[in-house]
$ cat start-v6.cif   # mmCIF, C-alpha atoms and all ligand atoms
data_target
#
loop_
_atom_site.label_atom_id
_atom_site.label_comp_id
_atom_site.auth_asym_id
_atom_site.auth_seq_id
_atom_site.Cartn_x
_atom_site.Cartn_y
_atom_site.Cartn_z
CA MET A 1 -16.00 -3.90 -16.43
CA PRO A 2 -18.30 -5.40 -13.83
CA GLY A 3 -21.78 -6.63 -14.64
CA LYS A 4 -20.95 -8.24 -17.97
CA SER A 5 -22.29 -11.61 -19.04
CA ALA A 6 -20.37 -14.84 -18.43
CA THR A 7 -19.29 -15.21 -22.07
CA LYS A 8 -18.07 -11.63 -22.18
CA LYS A 9 -16.14 -12.23 -19.00
CA SER A 10 -14.30 -15.28 -20.33
CA ALA A 11 -13.45 -13.41 -23.52
CA SER A 12 -11.88 -10.65 -21.46
CA ALA A 13 -10.02 -13.28 -19.44
CA VAL A 14 -8.60 -14.61 -22.70
CA ASN A 15 -7.65 -11.08 -23.73
CA GLN A 16 -5.99 -10.53 -20.38
CA GLU A 17 -3.96 -13.71 -20.81
CA ALA A 18 -2.76 -12.63 -24.26
CA GLY A 19 -2.00 -9.16 -22.91
CA ASP A 20 -0.09 -10.60 -19.96
CA SER A 21 2.09 -12.64 -22.29
CA GLU A 22 2.84 -9.61 -24.47
CA TYR A 23 3.75 -7.38 -21.55
CA MET A 24 5.90 -10.14 -20.09
CA GLU A 25 7.73 -10.29 -23.41
CA GLN A 26 8.59 -6.61 -22.94
CA ALA A 27 9.74 -7.34 -19.37
CA LEU A 28 11.98 -10.10 -20.76
CA GLU A 29 13.52 -7.58 -23.16
CA LEU A 30 14.32 -5.37 -20.18
CA ALA A 31 15.87 -8.39 -18.44
CA ALA A 32 18.07 -8.87 -21.51
CA ALA A 33 19.12 -5.22 -21.27
CA ALA A 34 20.08 -5.78 -17.63
CA GLU A 35 22.29 -8.68 -18.61
CA LEU A 36 24.00 -6.62 -21.31
CA ALA A 37 24.74 -4.07 -18.61
CA GLY A 38 26.31 -6.75 -16.43
CA GLU A 39 23.39 -6.94 -14.02
CA VAL A 40 21.26 -9.87 -12.87
CA PRO A 41 18.71 -10.20 -15.70
CA ILE A 42 15.35 -9.20 -14.22
CA GLY A 43 12.98 -6.80 -15.96
CA ALA A 44 9.76 -5.06 -14.91
CA LEU A 45 7.18 -2.67 -16.28
CA VAL A 46 4.12 -0.81 -15.03
CA ILE A 47 1.01 -0.32 -17.14
CA ASN A 48 -1.93 1.93 -16.36
CA GLU A 49 -5.61 1.04 -16.66
CA ARG A 50 -5.59 1.88 -20.35
CA GLY A 51 -2.71 -0.51 -20.96
CA ASP A 52 -0.09 2.19 -21.57
CA VAL A 53 3.38 1.38 -20.29
CA ILE A 54 4.23 4.18 -17.82
CA GLY A 55 7.28 2.68 -16.11
CA ARG A 56 10.14 0.43 -17.16
CA GLY A 57 12.98 -0.95 -15.13
CA TYR A 58 15.64 -3.55 -14.89
CA ASN A 59 17.87 -4.61 -12.08
CA ARG A 60 20.70 -2.06 -11.68
CA THR A 61 21.96 -2.64 -8.14
CA ARG A 62 25.60 -2.89 -9.28
CA MET A 63 25.77 0.07 -11.65
CA ASP A 64 23.96 2.30 -9.16
CA ALA A 65 25.59 0.74 -6.07
CA ASP A 66 22.06 0.73 -4.70
CA PRO A 67 20.64 -2.34 -2.91
CA THR A 68 17.10 -1.08 -3.59
CA ALA A 69 17.53 -0.75 -7.37
CA HIS A 70 15.56 -3.88 -8.20
CA ALA A 71 13.69 -3.92 -11.51
CA GLU A 72 10.35 -3.42 -9.78
CA MET A 73 11.55 -0.42 -7.76
CA VAL A 74 13.03 1.24 -10.84
CA ALA A 75 9.79 0.72 -12.79
CA LEU A 76 7.63 1.96 -9.89
CA ARG A 77 9.75 5.09 -9.50
CA GLU A 78 9.49 5.94 -13.17
CA ALA A 79 5.72 5.32 -13.22
CA ALA A 80 5.09 7.43 -10.11
CA TRP A 81 7.30 10.20 -11.46
CA ARG A 82 5.51 10.14 -14.80
CA ILE A 83 2.04 10.54 -13.31
CA ALA A 84 3.38 12.76 -10.50
CA ASN A 85 1.64 10.60 -7.94
CA PRO A 86 3.08 8.05 -5.48
CA ARG A 87 -0.14 6.04 -5.75
CA LEU A 88 -0.35 3.89 -8.84
CA THR A 89 -4.00 3.08 -8.33
CA GLY A 90 -5.39 0.75 -11.01
CA CYS A 91 -1.93 -0.05 -12.39
CA THR A 92 -0.42 -3.49 -13.03
CA LEU A 93 3.24 -4.37 -12.52
CA TYR A 94 4.87 -7.09 -14.65
CA VAL A 95 8.14 -8.63 -13.54
CA THR A 96 10.04 -11.65 -14.84
CA ILE A 97 10.80 -13.09 -11.38
CA GLU A 98 8.72 -13.29 -8.20
CA PRO A 99 9.32 -10.10 -6.18
CA CYS A 100 11.32 -10.06 -2.95
CA VAL A 101 10.00 -8.76 0.37
CA MET A 102 11.12 -5.19 -0.35
CA CYS A 103 9.44 -5.05 -3.74
CA ALA A 104 6.28 -6.84 -2.58
CA GLY A 105 6.06 -4.19 0.15
CA ALA A 106 6.69 -1.35 -2.30
CA LEU A 107 3.74 -2.58 -4.37
CA ILE A 108 1.56 -2.09 -1.31
CA GLN A 109 2.93 1.44 -0.80
CA ALA A 110 2.21 2.15 -4.47
CA ARG A 111 -1.36 0.81 -4.12
CA ILE A 112 -0.78 -1.25 -7.22
CA ALA A 113 -3.90 -3.15 -8.34
CA ARG A 114 -2.30 -6.25 -9.79
CA LEU A 115 1.05 -8.02 -9.97
CA VAL A 116 1.98 -10.44 -12.75
CA TYR A 117 5.22 -12.35 -12.49
CA GLY A 118 6.96 -15.04 -14.51
CA ALA A 119 9.09 -17.51 -12.61
CA PRO A 120 9.03 -18.17 -8.86
CA ASP A 121 12.01 -17.28 -6.68
CA PRO A 122 12.11 -20.06 -4.10
CA LYS A 123 14.83 -18.32 -2.07
CA ALA A 124 13.58 -14.76 -1.82
CA GLY A 125 10.10 -14.61 -3.35
CA ALA A 126 7.57 -12.91 -1.10
CA LEU A 127 4.30 -13.93 -2.78
CA HIS A 128 4.19 -17.70 -2.90
CA SER A 129 7.68 -18.97 -2.09
CA VAL A 130 7.72 -17.53 1.45
CA PRO A 131 4.61 -16.22 3.28
CA SER A 132 2.63 -13.94 1.01
CA LEU A 133 2.79 -10.18 1.43
CA ALA A 134 0.15 -9.51 -1.21
CA ALA A 135 -2.82 -10.28 1.00
CA HIS A 136 -1.51 -10.18 4.55
CA PRO A 137 -4.43 -9.58 6.94
CA ALA A 138 -2.47 -6.95 8.88
CA LEU A 139 -1.84 -4.74 5.83
CA ASN A 140 -4.12 -2.01 4.55
CA HIS A 141 -3.94 -2.79 0.84
CA GLU A 142 -4.21 -5.97 -1.20
CA TYR A 143 -3.30 -6.63 -4.81
CA THR A 144 -4.14 -9.59 -6.95
CA VAL A 145 -1.31 -11.83 -8.13
CA THR A 146 -0.97 -13.79 -11.36
CA ALA A 147 2.04 -16.11 -11.41
CA GLY A 148 3.66 -18.22 -14.09
CA VAL A 149 3.33 -15.94 -17.16
CA ARG A 150 6.12 -17.00 -19.59
CA ALA A 151 7.61 -18.77 -16.57
CA GLU A 152 10.03 -20.93 -18.54
CA ALA A 153 11.48 -18.06 -20.54
CA CYS A 154 11.78 -15.97 -17.38
CA SER A 155 13.55 -18.63 -15.34
CA ALA A 156 15.75 -19.75 -18.26
CA ARG A 157 17.21 -16.26 -18.60
CA LEU A 158 18.18 -16.22 -14.95
CA SER A 159 19.48 -19.81 -14.84
CA GLU A 160 21.68 -19.25 -17.89
CA PHE A 161 23.04 -16.07 -16.37
CA PHE A 162 24.03 -17.81 -13.13
CA ARG A 163 25.44 -20.79 -15.00
CA ASP A 164 27.66 -18.44 -17.02
CA CYS A 165 28.70 -16.64 -13.82
CA ARG A 166 29.72 -19.92 -12.21
CA ALA A 167 31.61 -20.98 -15.31
CA ARG A 168 33.50 -17.69 -15.36
CA GLN A 169 34.26 -17.93 -11.63
CA ALA A 170 35.43 -21.53 -11.99
CA SER A 171 37.83 -20.68 -14.79
CA ALA A 172 39.09 -17.59 -12.94
CA THR A 173 39.77 -19.42 -9.66
CA GLU A 174 40.49 -22.98 -10.73
CA PRO A 175 41.64 -24.47 -7.41
CA ALA A 176 38.81 -22.96 -5.36
CA ALA A 177 36.07 -24.20 -7.67
CA ASN A 178 35.16 -27.36 -5.79
CA GLU A 179 31.85 -28.41 -4.23
CA ASN A 180 30.54 -24.89 -4.28
CA GLU A 181 27.42 -25.54 -6.35
CA GLN A 182 25.54 -22.30 -5.92
CA LYS A 183 21.87 -21.59 -5.94
CA GLU A 184 19.99 -20.44 -8.99
ZN ZN B 201 13.02 -6.92 -5.07
#
$ encode --input "start-v6.cif" --output "structure tokens"
Amino acid sequence: MPGKSATKKSASAVNQEAGDSEYMEQALELAAAAELAGEVPIGALVINERGDVIGRGYNRTRMDADPTAHAEMVALREAAWRIANPRLTGCTLYVTIEPCVMCAGALIQARIARLVYGAPDPKAGALHSVPSLAAHPALNHEYTVTAGVRAEACSARLSEFFRDCRARQASATEPAANENEQKE
């Protein structure tokens, strides 16, 4: 709430940090569910102003054969459906990995208030890793961004997944597995 004293404000900042870590833990559980389903392990959830989780998602591009079925999109769809409103005003989205351009744009369409993500995605991230979409001067909505919540846990899940994928590929196609050290 605005207009509180400085001490009150820092206490709420501490509460927000603890809350962020807890919600990110739930997003990590969704990432684990994605991996069990054979998908790239990324999880996301949407909470409303009261802190209720109103949308959950994990990456399901393979099972749905849908290039837009990123964790964030799935969570946004569920949240918007639940409140029967395409505008998620006042809501916060948590996601384990920095959103791509599509998802960063969808957050604008959803009028999300705040984005919290875990680990950066240096290849495809659209907030800090490539020019930011969260506060582009040409766009009609801005959201605040908090990065680095449970960053190590978030990036470890993804790194391990890709390491396992490479190991499986290497053992499946022995002769072809040469210099092809892939990205994380
Ligand atoms: Zn995305």
$ closest_atom_pairs --input "start-v6.cif" --of "chain A" --to "ligand ZN 201 (chain B)" --cutoff "6 Å" --atoms "all atoms listed in the file" --output "CSV"
residue,atom,partner,partner_atom,distance
A:His70,CA,B:ZN201,ZN,5.0
A:Pro99,CA,B:ZN201,ZN,5.0
A:Cys100,CA,B:ZN201,ZN,4.2
A:Met102,CA,B:ZN201,ZN,5.4
A:Cys103,CA,B:ZN201,ZN,4.3
$ residues_near_point --input "start-v6.cif" --point "(1.8, -15.4, -16.6)" --cutoff "12 Å" --atoms "all atoms listed in the file" --output "JSON, numbers by chain"
{"A": [16, 17, 18, 19, 20, 21, 22, 23, 24, 25, 27, 93, 94, 95, 96, 97, 98, 115, 116, 117, 118, 119, 120, 145, 146, 147, 148, 149, 150, 151, 152, 153, 154]}
$ atom_distance --input "start-v6.cif" --atom1 "atom CA of A:Ala138" --atom2 "atom CA of A:Ile108"
12.0 Å
$ atom_distance --input "start-v6.cif" --atom1 "atom CA of A:Asp52" --atom2 "atom CA of A:Ile112"
14.8 Å
$ residues_around --input "start-v6.cif" --residues "A:Ala79" --least-positions-apart "5" --cutoff "9 Å" --atoms "all atoms listed in the file" --output "compact mmCIF listing (two decimals) with C-alpha atoms, keeping the file's coordinate frame"
# COMPACT_ATOMS: atom_id res chain seq x y z
CA LEU A 45 7.18 -2.67 -16.28
CA VAL A 46 4.12 -0.81 -15.03
CA ILE A 47 1.01 -0.32 -17.14
CA ASN A 48 -1.93 1.93 -16.36
CA VAL A 53 3.38 1.38 -20.29
CA ILE A 54 4.23 4.18 -17.82
CA GLY A 55 7.28 2.68 -16.11
CA ARG A 56 10.14 0.43 -17.16
CA VAL A 74 13.03 1.24 -10.84
CA ALA A 84 3.38 12.76 -10.50
CA ASN A 85 1.64 10.60 -7.94
CA PRO A 86 3.08 8.05 -5.48
CA LEU A 88 -0.35 3.89 -8.84
$ atom_distance --input "start-v6.cif" --atom1 "atom CA of A:Leu28" --atom2 "atom CA of A:Ala71"
11.3 Å
$ closest_residue --input "start-v6.cif" --among "A:Val40, A:Ala32, A:Ala13, A:Ala104" --to "A:Arg163" --atoms "all atoms listed in the file"
A:Val40
$ closest_residue --input "start-v6.cif" --among "A:Ala172, A:Trp81, A:Asp164, A:Ser159" --to "A:Ile42" --atoms "all atoms listed in the file"
A:Ser159
$ closest_residue --input "start-v6.cif" --among "A:Ala170, A:Tyr58, A:Asp66, A:Phe162" --to "A:Gln26" --atoms "all atoms listed in the file"
A:Tyr58
$ closest_residue --input "start-v6.cif" --among "A:Arg157, A:Arg62, A:His128, A:Arg114" --to "A:Tyr143" --atoms "all atoms listed in the file"
A:Arg114
$ build_atoms --input "start-v6.cif" --residues "stretch 55-87 of chain A" --atoms "N, CA and C atoms" --output "mmCIF file, keeping the file's coordinate frame"
data_model
loop_
_atom_site.group_PDB
_atom_site.id
_atom_site.type_symbol
_atom_site.label_atom_id
_atom_site.label_comp_id
_atom_site.auth_asym_id
_atom_site.auth_seq_id
_atom_site.Cartn_x
_atom_site.Cartn_y
_atom_site.Cartn_z
ATOM 1 N N GLY A 55 6.023 2.840 -16.845
ATOM 2 C CA GLY A 55 7.280 2.680 -16.110
ATOM 3 C C GLY A 55 8.012 1.436 -16.574
ATOM 4 N N ARG A 56 9.325 1.576 -16.758
ATOM 5 C CA ARG A 56 10.140 0.430 -17.160
ATOM 6 C C ARG A 56 11.353 0.368 -16.245
ATOM 7 N N GLY A 57 11.784 -0.853 -15.958
ATOM 8 C CA GLY A 57 12.980 -0.950 -15.130
ATOM 9 C C GLY A 57 13.660 -2.285 -15.292
ATOM 10 N N TYR A 58 14.953 -2.280 -15.054
ATOM 11 C CA TYR A 58 15.640 -3.550 -14.890
ATOM 12 C C TYR A 58 16.593 -3.425 -13.714
ATOM 13 N N ASN A 59 17.001 -4.579 -13.232
ATOM 14 C CA ASN A 59 17.870 -4.610 -12.080
ATOM 15 C C ASN A 59 19.144 -3.817 -12.359
ATOM 16 N N ARG A 60 19.499 -2.868 -11.474
ATOM 17 C CA ARG A 60 20.700 -2.060 -11.680
ATOM 18 C C ARG A 60 21.401 -1.787 -10.347
ATOM 19 N N THR A 61 21.372 -2.806 -9.481
ATOM 20 C CA THR A 61 21.960 -2.640 -8.140
ATOM 21 C C THR A 61 23.462 -2.401 -8.224
ATOM 22 N N ARG A 62 24.136 -3.056 -9.194
ATOM 23 C CA ARG A 62 25.600 -2.890 -9.280
ATOM 24 C C ARG A 62 25.957 -1.539 -9.871
ATOM 25 N N MET A 63 25.366 -1.197 -10.998
ATOM 26 C CA MET A 63 25.770 0.070 -11.650
ATOM 27 C C MET A 63 25.405 1.284 -10.798
ATOM 28 N N ASP A 64 24.343 1.177 -10.018
ATOM 29 C CA ASP A 64 23.960 2.300 -9.160
ATOM 30 C C ASP A 64 24.523 2.172 -7.750
ATOM 31 N N ALA A 65 25.158 1.034 -7.447
ATOM 32 C CA ALA A 65 25.590 0.740 -6.070
ATOM 33 C C ALA A 65 24.436 1.032 -5.114
ATOM 34 N N ASP A 66 23.280 0.452 -5.451
ATOM 35 C CA ASP A 66 22.060 0.730 -4.700
ATOM 36 C C ASP A 66 21.320 -0.596 -4.459
ATOM 37 N N PRO A 67 21.291 -1.050 -3.193
ATOM 38 C CA PRO A 67 20.640 -2.340 -2.910
ATOM 39 C C PRO A 67 19.145 -2.327 -3.186
ATOM 40 N N THR A 68 18.549 -1.137 -3.329
ATOM 41 C CA THR A 68 17.100 -1.080 -3.590
ATOM 42 C C THR A 68 16.778 -0.988 -5.079
ATOM 43 N N ALA A 69 17.791 -0.969 -5.936
ATOM 44 C CA ALA A 69 17.530 -0.750 -7.370
ATOM 45 C C ALA A 69 17.127 -2.037 -8.082
ATOM 46 N N HIS A 70 16.137 -2.711 -7.524
ATOM 47 C CA HIS A 70 15.560 -3.880 -8.200
ATOM 48 C C HIS A 70 14.687 -3.387 -9.361
ATOM 49 N N ALA A 71 14.472 -4.280 -10.323
ATOM 50 C CA ALA A 71 13.690 -3.920 -11.510
ATOM 51 C C ALA A 71 12.342 -3.300 -11.140
ATOM 52 N N GLU A 72 11.679 -3.901 -10.166
ATOM 53 C CA GLU A 72 10.350 -3.420 -9.780
ATOM 54 C C GLU A 72 10.418 -1.996 -9.229
ATOM 55 N N MET A 73 11.423 -1.738 -8.380
ATOM 56 C CA MET A 73 11.550 -0.420 -7.760
ATOM 57 C C MET A 73 11.826 0.643 -8.831
ATOM 58 N N VAL A 74 12.688 0.291 -9.776
ATOM 59 C CA VAL A 74 13.030 1.240 -10.840
ATOM 60 C C VAL A 74 11.779 1.557 -11.670
ATOM 61 N N ALA A 75 11.005 0.515 -11.987
ATOM 62 C CA ALA A 75 9.790 0.720 -12.790
ATOM 63 C C ALA A 75 8.735 1.510 -12.014
ATOM 64 N N LEU A 76 8.591 1.222 -10.719
ATOM 65 C CA LEU A 76 7.630 1.960 -9.890
ATOM 66 C C LEU A 76 8.007 3.439 -9.794
ATOM 67 N N ARG A 77 9.304 3.692 -9.612
ATOM 68 C CA ARG A 77 9.750 5.090 -9.500
ATOM 69 C C ARG A 77 9.438 5.854 -10.776
ATOM 70 N N GLU A 78 9.748 5.239 -11.909
ATOM 71 C CA GLU A 78 9.490 5.940 -13.170
ATOM 72 C C GLU A 78 7.996 6.195 -13.360
ATOM 73 N N ALA A 79 7.175 5.179 -13.038
ATOM 74 C CA ALA A 79 5.720 5.320 -13.220
ATOM 75 C C ALA A 79 5.173 6.426 -12.324
ATOM 76 N N ALA A 80 5.590 6.437 -11.061
ATOM 77 C CA ALA A 80 5.090 7.430 -10.110
ATOM 78 C C ALA A 80 5.536 8.841 -10.518
ATOM 79 N N TRP A 81 6.783 8.919 -10.999
ATOM 80 C CA TRP A 81 7.300 10.200 -11.460
ATOM 81 C C TRP A 81 6.496 10.690 -12.672
ATOM 82 N N ARG A 82 6.206 9.747 -13.571
ATOM 83 C CA ARG A 82 5.510 10.140 -14.800
ATOM 84 C C ARG A 82 4.111 10.672 -14.531
ATOM 85 N N ILE A 83 3.397 10.051 -13.596
ATOM 86 C CA ILE A 83 2.040 10.540 -13.310
ATOM 87 C C ILE A 83 2.040 11.526 -12.137
ATOM 88 N N ALA A 84 3.233 11.818 -11.622
ATOM 89 C CA ALA A 84 3.380 12.760 -10.500
ATOM 90 C C ALA A 84 2.475 12.382 -9.346
ATOM 91 N N ASN A 85 2.491 11.092 -9.017
ATOM 92 C CA ASN A 85 1.640 10.600 -7.940
ATOM 93 C C ASN A 85 2.264 9.331 -7.366
ATOM 94 N N PRO A 86 2.474 9.265 -6.045
ATOM 95 C CA PRO A 86 3.080 8.050 -5.480
ATOM 96 C C PRO A 86 2.123 6.865 -5.487
ATOM 97 N N ARG A 87 0.852 7.123 -5.738
ATOM 98 C CA ARG A 87 -0.140 6.040 -5.750
ATOM 99 C C ARG A 87 -0.458 5.646 -7.182
#
